[in-house]
Amino acid sequence: MGEGQKVSFTHPEGAISAGLAYSTEDRKGNGLILIQDVKQNITIANLKEIADRGIINNNAEVKVANDYKSSLSIKTPSVEQKFQT
């Protein structure tokens with residue numbers, strides 16, 4: 001996919017595979033599940049990567065969340081941190 005090239009997708013997985021993501025302007029109000037911790041908010045969009053037959057692998061979830069924390073420079077003391085309103 002080249003820059004400026006028009007694309008269309010029939011399923012969100014196609015957009016994700018192409019490297020596209022959606023981030024709401026009001027992330028706190030619309031983009032976070034405030035009763036969950038940072039780790040759960042990071043991994044909820046891709047449960048296939050951390051779950052087997054509907055059971056979340058906690059070690060995999062922590063690893064994936066920490067990888068995203070590093071690569072996206074998320075500023076939090078820990079991925080286990082709860083959100084504060």
# chains A, B, ... in the order shown; residues from 1 in each chain; ligands from 1
$ residues_around --residues "range 44-49 of chain A" --least-positions-apart "3" --cutoff "12 Å" --atoms "only C-alpha atoms" --output "ChimeraX atom specification"
/A:12-13,16-17,21-23,31-33,36-41,52-65
$ atom_distance --atom1 "CA of Asp26 in chain A" --atom2 "CA of Ser8 in chain A"
25.4 Å
$ select_by_dssp --residues "chain A" --states "strand (DSSP E or B)" --output "mmCIF file with N, CA and C atoms, in the first residue's frame"
data_model
loop_
_atom_site.group_PDB
_atom_site.id
_atom_site.type_symbol
_atom_site.label_atom_id
_atom_site.label_comp_id
_atom_site.auth_asym_id
_atom_site.auth_seq_id
_atom_site.Cartn_x
_atom_site.Cartn_y
_atom_site.Cartn_z
ATOM 1 N N ASP A 37 -7.411 -1.969 33.891
ATOM 2 C CA ASP A 37 -6.069 -1.398 33.970
ATOM 3 C C ASP A 37 -5.506 -1.129 32.579
ATOM 4 N N ALA A 51 -5.184 -15.077 23.924
ATOM 5 C CA ALA A 51 -6.175 -16.012 24.473
ATOM 6 C C ALA A 51 -6.205 -17.314 23.673
ATOM 7 N N ASP A 52 -6.539 -18.366 24.363
ATOM 8 C CA ASP A 52 -6.717 -19.675 23.743
ATOM 9 C C ASP A 52 -8.078 -20.201 24.162
ATOM 10 N N ILE A 55 -9.764 -18.202 26.938
ATOM 11 C CA ILE A 55 -9.061 -18.048 28.217
ATOM 12 C C ILE A 55 -7.814 -17.193 27.983
ATOM 13 N N ILE A 56 -7.732 -16.055 28.671
ATOM 14 C CA ILE A 56 -6.597 -15.148 28.515
ATOM 15 C C ILE A 56 -5.377 -15.709 29.231
ATOM 16 N N LYS A 82 -4.122 1.129 37.370
ATOM 17 C CA LYS A 82 -5.527 1.457 37.115
ATOM 18 C C LYS A 82 -5.601 2.909 36.662
#
$ atom_distance --atom1 "CA of Arg27 in chain A" --atom2 "CA of Ile50 in chain A"
23.4 Å
$ atom_distance --atom1 "CA of Lys69 in chain A" --atom2 "CA of Thr43 in chain A"
11.0 Å
$ select_by_dssp --residues "chain A" --states "helix (DSSP H, G or I)" --output "JSON, numbers by chain"
{"A": [12, 13, 14, 15, 16, 17, 27, 28, 29, 30, 31, 38, 39, 40, 41, 42, 43, 44, 45, 46, 47, 48, 49, 58, 59, 60, 61, 62, 63, 64, 65, 66, 67, 68, 69, 70, 71]}
$ write_last_selection --atoms "N, CA and C atoms" --output "short mmCIF file (atom, residue, chain, number, x, y, z; two decimals), in the first residue's frame"
data_model
loop_
_atom_site.label_atom_id
_atom_site.label_comp_id
_atom_site.auth_asym_id
_atom_site.auth_seq_id
_atom_site.Cartn_x
_atom_site.Cartn_y
_atom_site.Cartn_z
N PRO A 12 -12.52 -5.11 9.58
CA PRO A 12 -11.46 -4.42 10.34
C PRO A 12 -10.11 -5.12 10.30
N GLU A 13 -10.08 -6.45 10.21
CA GLU A 13 -8.80 -7.16 10.18
C GLU A 13 -7.96 -6.75 8.97
N GLY A 14 -8.60 -6.42 7.86
CA GLY A 14 -7.86 -5.96 6.69
C GLY A 14 -7.17 -4.63 6.95
N ALA A 15 -7.87 -3.72 7.60
CA ALA A 15 -7.29 -2.43 7.94
C ALA A 15 -6.14 -2.59 8.94
N ILE A 16 -6.34 -3.45 9.92
CA ILE A 16 -5.29 -3.70 10.91
C ILE A 16 -4.07 -4.29 10.24
N SER A 17 -4.27 -5.26 9.35
CA SER A 17 -3.15 -5.88 8.64
C SER A 17 -2.40 -4.86 7.79
N ARG A 27 -10.12 10.24 23.89
CA ARG A 27 -9.69 8.90 24.29
C ARG A 27 -10.16 8.53 25.69
N LYS A 28 -10.15 9.49 26.61
CA LYS A 28 -10.57 9.18 27.98
C LYS A 28 -12.06 8.87 28.04
N GLY A 29 -12.85 9.62 27.33
CA GLY A 29 -14.30 9.42 27.36
C GLY A 29 -14.79 8.28 26.50
N ASN A 30 -14.13 8.06 25.36
CA ASN A 30 -14.62 7.08 24.40
C ASN A 30 -13.64 5.96 24.07
N GLY A 31 -12.39 6.11 24.43
CA GLY A 31 -11.40 5.16 23.99
C GLY A 31 -10.84 4.25 25.07
N VAL A 38 -4.33 -0.53 32.54
CA VAL A 38 -3.66 -0.19 31.28
C VAL A 38 -3.48 -1.43 30.42
N LYS A 39 -3.02 -2.51 31.02
CA LYS A 39 -2.78 -3.78 30.31
C LYS A 39 -4.03 -4.24 29.57
N GLN A 40 -5.14 -4.25 30.24
CA GLN A 40 -6.38 -4.74 29.62
C GLN A 40 -6.85 -3.81 28.51
N ASN A 41 -6.66 -2.50 28.68
CA ASN A 41 -7.03 -1.56 27.64
C ASN A 41 -6.15 -1.71 26.41
N ILE A 42 -4.89 -2.05 26.61
CA ILE A 42 -3.98 -2.25 25.48
C ILE A 42 -4.33 -3.51 24.71
N THR A 43 -4.61 -4.60 25.41
CA THR A 43 -4.77 -5.90 24.75
C THR A 43 -6.18 -6.22 24.29
N ILE A 44 -7.16 -5.45 24.70
CA ILE A 44 -8.56 -5.80 24.37
C ILE A 44 -8.83 -5.81 22.87
N ALA A 45 -8.09 -5.03 22.11
CA ALA A 45 -8.32 -4.98 20.66
C ALA A 45 -7.79 -6.20 19.93
N ASN A 46 -6.97 -6.99 20.59
CA ASN A 46 -6.37 -8.15 19.92
C ASN A 46 -6.32 -9.35 20.86
N LEU A 47 -7.46 -9.77 21.33
CA LEU A 47 -7.51 -10.90 22.26
C LEU A 47 -7.05 -12.21 21.63
N LYS A 48 -7.12 -12.32 20.31
CA LYS A 48 -6.65 -13.54 19.64
C LYS A 48 -5.19 -13.83 19.95
N GLU A 49 -4.40 -12.76 20.13
CA GLU A 49 -2.97 -12.91 20.37
C GLU A 49 -2.67 -13.44 21.77
N ASN A 58 -2.38 -14.83 31.06
CA ASN A 58 -1.95 -13.63 31.77
C ASN A 58 -0.51 -13.25 31.46
N ASN A 59 0.38 -14.25 31.33
CA ASN A 59 1.77 -13.94 31.01
C ASN A 59 1.90 -13.32 29.63
N ALA A 60 1.17 -13.85 28.67
CA ALA A 60 1.19 -13.29 27.31
C ALA A 60 0.62 -11.88 27.31
N GLU A 61 -0.44 -11.67 28.09
CA GLU A 61 -1.06 -10.35 28.15
C GLU A 61 -0.09 -9.31 28.69
N VAL A 62 0.63 -9.65 29.74
CA VAL A 62 1.61 -8.72 30.32
C VAL A 62 2.73 -8.44 29.32
N LYS A 63 3.20 -9.48 28.63
CA LYS A 63 4.28 -9.30 27.66
C LYS A 63 3.84 -8.39 26.52
N VAL A 64 2.69 -8.64 25.95
CA VAL A 64 2.17 -7.82 24.85
C VAL A 64 1.97 -6.38 25.32
N ALA A 65 1.39 -6.21 26.49
CA ALA A 65 1.15 -4.86 27.01
C ALA A 65 2.47 -4.12 27.24
N ASN A 66 3.45 -4.79 27.79
CA ASN A 66 4.76 -4.15 28.01
C ASN A 66 5.44 -3.82 26.68
N ASP A 67 5.29 -4.67 25.68
CA ASP A 67 5.85 -4.38 24.36
C ASP A 67 5.23 -3.12 23.77
N TYR A 68 3.91 -3.00 23.88
CA TYR A 68 3.23 -1.80 23.38
C TYR A 68 3.60 -0.58 24.22
N LYS A 69 3.71 -0.76 25.51
CA LYS A 69 4.12 0.35 26.40
C LYS A 69 5.45 0.92 25.93
N SER A 70 6.39 0.05 25.61
CA SER A 70 7.71 0.48 25.14
C SER A 70 7.65 1.11 23.75
N SER A 71 7.03 0.40 22.81
CA SER A 71 7.05 0.86 21.42
C SER A 71 6.24 2.14 21.22
#
